[in-house]
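Enquirer: Please find query_9.cif (mmCIF, C-alpha atoms) on the next line:
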data_work
loop_
_atom_site.label_atom_id
_atom_site.label_comp_id
_atom_site.auth_asym_id
_atom_site.auth_seq_id
_atom_site.Cartn_x
_atom_site.Cartn_y
_atom_site.Cartn_z
CA MET M 1089 2.42 -14.21 1.40
CA LYS M 1090 -1.03 -12.66 1.85
CA ARG M 1091 -0.66 -12.21 5.61
CA TYR M 1092 -2.48 -8.90 5.51
CA GLU M 1093 -3.58 -8.71 9.16
CA GLU M 1094 0.03 -9.25 10.29
CA SER M 1095 1.17 -6.64 7.80
CA ILE M 1096 -1.32 -4.10 9.13
CA SER M 1097 -0.19 -4.73 12.70
CA ALA M 1098 3.48 -4.29 11.78
CA CYS M 1099 2.70 -1.14 9.80
CA LYS M 1100 0.85 0.44 12.71
CA LYS M 1101 3.87 -0.18 14.95
CA ALA M 1102 6.20 1.32 12.35
CA LEU M 1103 4.01 4.42 12.04
CA GLU M 1104 4.15 4.93 15.80
CA MET M 1105 7.91 5.39 15.38
CA ASN M 1106 7.71 7.47 12.20
CA PRO M 1107 4.31 8.53 10.85
CA ARG M 1108 5.87 9.88 7.64
CA MET M 1109 7.10 6.53 6.27
CA LEU M 1110 5.75 6.48 2.72
CA SER M 1111 6.42 2.78 2.16
CA VAL M 1112 4.37 1.91 5.25
CA HIS M 1113 1.38 3.92 4.04
CA ILE M 1114 1.64 2.19 0.66
CA THR M 1115 1.72 -1.20 2.37
CA LEU M 1116 -1.27 -0.28 4.53
CA ALA M 1117 -3.28 0.81 1.49
CA MET M 1118 -2.48 -2.47 -0.22
CA ALA M 1119 -3.24 -4.64 2.84
CA TYR M 1120 -6.50 -2.91 3.75
CA SER M 1121 -7.64 -3.03 0.13
CA SER M 1122 -6.82 -6.71 -0.13
CA LEU M 1123 -8.97 -7.36 2.94
CA GLY M 1124 -11.86 -5.33 1.54
CA LYS M 1125 -11.47 -2.65 4.22
CA MET M 1126 -11.97 0.16 1.76
CA GLU M 1127 -12.42 3.05 4.19
CA GLU M 1128 -9.07 2.28 5.81
CA ALA M 1129 -7.48 1.65 2.39
CA SER M 1130 -8.69 5.03 1.17
CA GLU M 1131 -7.32 6.76 4.28
CA ALA M 1132 -3.92 5.13 3.78
CA ALA M 1133 -3.99 6.06 0.08
CA SER M 1134 -4.68 9.70 0.97
CA LYS M 1135 -1.60 9.69 3.19
CA VAL M 1136 0.45 8.22 0.35
CA LEU M 1137 -0.62 11.18 -1.79
CA LYS M 1138 0.03 13.63 1.05
CA PHE M 1139 3.67 12.54 1.24
CA SER M 1140 4.06 11.82 -2.48
CA PRO M 1141 1.56 13.86 -4.52
CA ASN M 1142 2.84 12.43 -7.81
CA PHE M 1143 2.69 8.80 -6.70
CA ALA M 1144 1.91 6.48 -9.61
CA VAL M 1145 1.07 2.82 -9.08
CA GLU M 1146 2.57 1.70 -12.39
CA HIS M 1147 5.87 3.46 -11.73
CA PHE M 1148 5.99 2.03 -8.22
CA ALA M 1149 5.14 -1.48 -9.45
CA ARG M 1150 7.90 -1.38 -12.09
CA ALA M 1151 10.47 -0.16 -9.57
CA LEU M 1152 10.07 -3.14 -7.24
CA PRO M 1153 11.77 -6.47 -7.88
CA TYR M 1154 9.17 -9.22 -8.05
CA LYS M 1155 10.03 -12.81 -8.78
CA TYR M 1156 6.55 -13.50 -10.14
CA GLU M 1157 4.68 -11.07 -12.38
CA GLU M 1158 1.42 -12.22 -10.79
CA ASP M 1159 2.53 -10.71 -7.46
CA ARG M 1160 3.16 -7.35 -9.13
CA VAL M 1161 -0.30 -7.43 -10.71
CA VAL M 1162 -2.02 -8.29 -7.40
CA MET M 1163 -0.16 -5.48 -5.63
CA ALA M 1164 -1.01 -2.93 -8.33
CA GLU M 1165 -4.68 -3.94 -8.38
CA ALA M 1166 -4.93 -3.57 -4.60
CA LEU M 1167 -3.43 -0.07 -4.76
CA HIS M 1168 -5.79 0.91 -7.57
CA LYS M 1169 -8.75 -0.37 -5.52
CA ALA M 1170 -7.51 1.78 -2.63
CA GLY M 1171 -7.86 4.82 -4.88
CA LEU M 1172 -4.34 5.35 -6.13
CA LYS M 1173 -3.71 6.01 -9.83
#
Would you mind writing the file out in structure tokens?

Expert:
Amino acid sequence: MKRYEESISACKKALEMNPRMLSVHITLAMAYSSLGKMEEASEAASKVLKFSPNFAVEHFARALPYKYEEDRVVMAEALHKAGLK
């Protein structure tokens, strides 16, 4: 839905409750990257790798159910821009 600012706000609240939530760090990396906030995206990406050193964007993208392939591509591109492989 491309509501990245709302996503970032929700993610920050979730991390206050549990700072080790991998999915939240992934979402933050994607949202920050999509907004062009590359420093924050890189920081979130580094936390993804801290909790999941073998994280792979393509594996992650294939594992999620997307109705539209375009959404999967946009998500993967944002994670790549954030510095994830």

Enquirer: Report as number ranges by chain the residues that result from applying the PyMOL selection byres ((chain M and resi 1144-1150) around 7) to the structure here.

Expert: M: 1142-1143, 1151-1152, 1160, 1164, 1167, 1172-1173

Enquirer: Choose the residue, out of M:Tyr1092, M:Ser1140, M:Ser1097, M:Lys1125, that has the smallest atom-to-atom separation from M:Met1163; count only C-alpha atoms.

Expert: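 Checking each candidate against M:Met1163, we get M:Tyr1092 as the closest.
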
Enquirer: Got a sec: who's within 12 Å of M:Pro1141, counting all atoms listed in the file, leaving out chain neighbours fewer than 5 positions off, as an MDAnalysis selection string?

Expert: chainID M and resid 1110 1133:1136 1172:1173

Enquirer: I need the residue nearest M:Leu1123 from this list: M:Lys1138, M:Arg1091, M:Lys1101, M:Lys1155. Use all atoms listed in the file for the distance.

Expert: M:Arg1091

Enquirer: Can you list, as a PyMOL selection string, the residues that the PyMOL selection byres ((chain M and resi 1096) around 8) selects here?

Expert: chain M and resi 1092-1095+1097-1100+1115-1116+1119-1120

Enquirer: Please compute the atom CA of M:Pro1107-atom CA of M:Lys1090 distance, one decimal, in Å.

Expert: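 Atom-to-atom, atom CA of M:Pro1107 and atom CA of M:Lys1090 are spaced 23.6 Å apart.
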
Enquirer: Closest to M:Gly1171 among M:Glu1157, M:Val1112, M:Ala1117, M:Gly1124, using all atoms listed in the file?

Expert: M:Ala1117

Enquirer: Rounded to one decimal in Å, what is the spacing between atom CA of M:Val1162 and atom CA of M:Met1105?

Expert: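 Pair atom CA of M:Val1162 / atom CA of M:Met1105 returns 28.4 Å.
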
Enquirer: Please compute the atom CA of M:Glu1128-atom CA of M:Ser1111 distance, one decimal, in Å.

Expert: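 Computed distance, atom CA of M:Glu1128 to atom CA of M:Ser1111, equals 15.9 Å.
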
Enquirer: Find the residue from M:Pro1153, M:Glu1158, M:His1168, M:Met1089 that sits nearest to M:Ala1129; use all atoms listed in the file when measuring.

Expert: M:His1168

Enquirer: Find the residue from M:Ala1132, M:Glu1127, M:Val1161, M:Met1118 that sits nearest to M:Leu1103; use only C-alpha atoms when measuring.

Expert: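 So, comparing all the options, the nearest one is M:Ala1132.
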